[in-house]
Amino acid sequence: MVHLLNRAGSAIPGRWQERALAGGALVTASLALAACGSSGAPTILNTEKVERSIEQSSLAQRGQRAQVSCPAGVNQKKGLAFSCTAVVKGVSTRFAVTQLDGAGRVHYVAR
């Protein structure tokens with residue numbers, strides 16, 4: 001059984017232990033991810049999220065279901081640009097995608 005102690009050395013009540021353990025796990029996971037990112041290896045952008053976002057925009061703005069394809073293995077880096085292709089009823093549209101920051105936020109526009 002794990003007993004957590006507060007800063008004064010007193011035992012933390014049971015239900016608070018669960019919350020503290022969960023919080024500690026989040027901090028540990030964050031630190032582990034930060035450590036992985038500092039190894040010098042580039043972070044890869046989640047282009048599947050970009051594909052889903054373009055698909056959702058097409059549906060919301062045009063009422064059309066698109067099949068979107070973006071390249072895999074794109075480095076996550078501010079200012080880096082790449083293209084995705086959306087296909088609706090056999091017609092292809094190219095989207096220019098530009099990364100706004102190093103955290104995965106992007107801007108896209110149909111060309």
# chains A, B, ... in the order shown; residues from 1 in each chain; ligands from 1
$ residues_around --residues "Leu100 of chain A" --least-positions-apart "6" --cutoff "10 Å" --atoms "only C-alpha atoms" --output "list of chain:residue names"
A:Gln76, A:Lys77, A:Lys78, A:Gly79, A:Leu80, A:Ala81, A:Val106, A:His107
$ write_last_selection --atoms "C-alpha atoms" --output "PDB file, in the first residue's frame"
ATOM      1  CA  GLN A  76       6.703  19.786 -36.355  1.00  0.00           C
ATOM      2  CA  LYS A  77       8.299  23.205 -36.783  1.00  0.00           C
ATOM      3  CA  LYS A  78       7.000  26.773 -36.883  1.00  0.00           C
ATOM      4  CA  GLY A  79       6.729  28.117 -40.422  1.00  0.00           C
ATOM      5  CA  LEU A  80       7.153  24.741 -42.129  1.00  0.00           C
ATOM      6  CA  ALA A  81       4.692  24.381 -45.017  1.00  0.00           C
ATOM      7  CA  VAL A 106      -1.605  24.857 -38.332  1.00  0.00           C
ATOM      8  CA  HIS A 107      -3.386  27.130 -40.800  1.00  0.00           C
TER       9      HIS A 107
END
$ residues_around --residues "segment 51-57 of chain A" --least-positions-apart "6" --cutoff "12 Å" --atoms "only C-alpha atoms" --output "list of chain:residue names"
A:Leu45, A:Gly63, A:Gln64, A:Arg65, A:Ala66, A:Gln67, A:Val68, A:Ser69, A:Cys70, A:Pro71, A:Ala72, A:Ser83, A:Cys84, A:Thr85, A:Ala86, A:Val87, A:Val88, A:Thr93, A:Arg94, A:Phe95, A:Ala96, A:Val97, A:Arg105, A:Val106, A:His107, A:Tyr108, A:Val109, A:Ala110
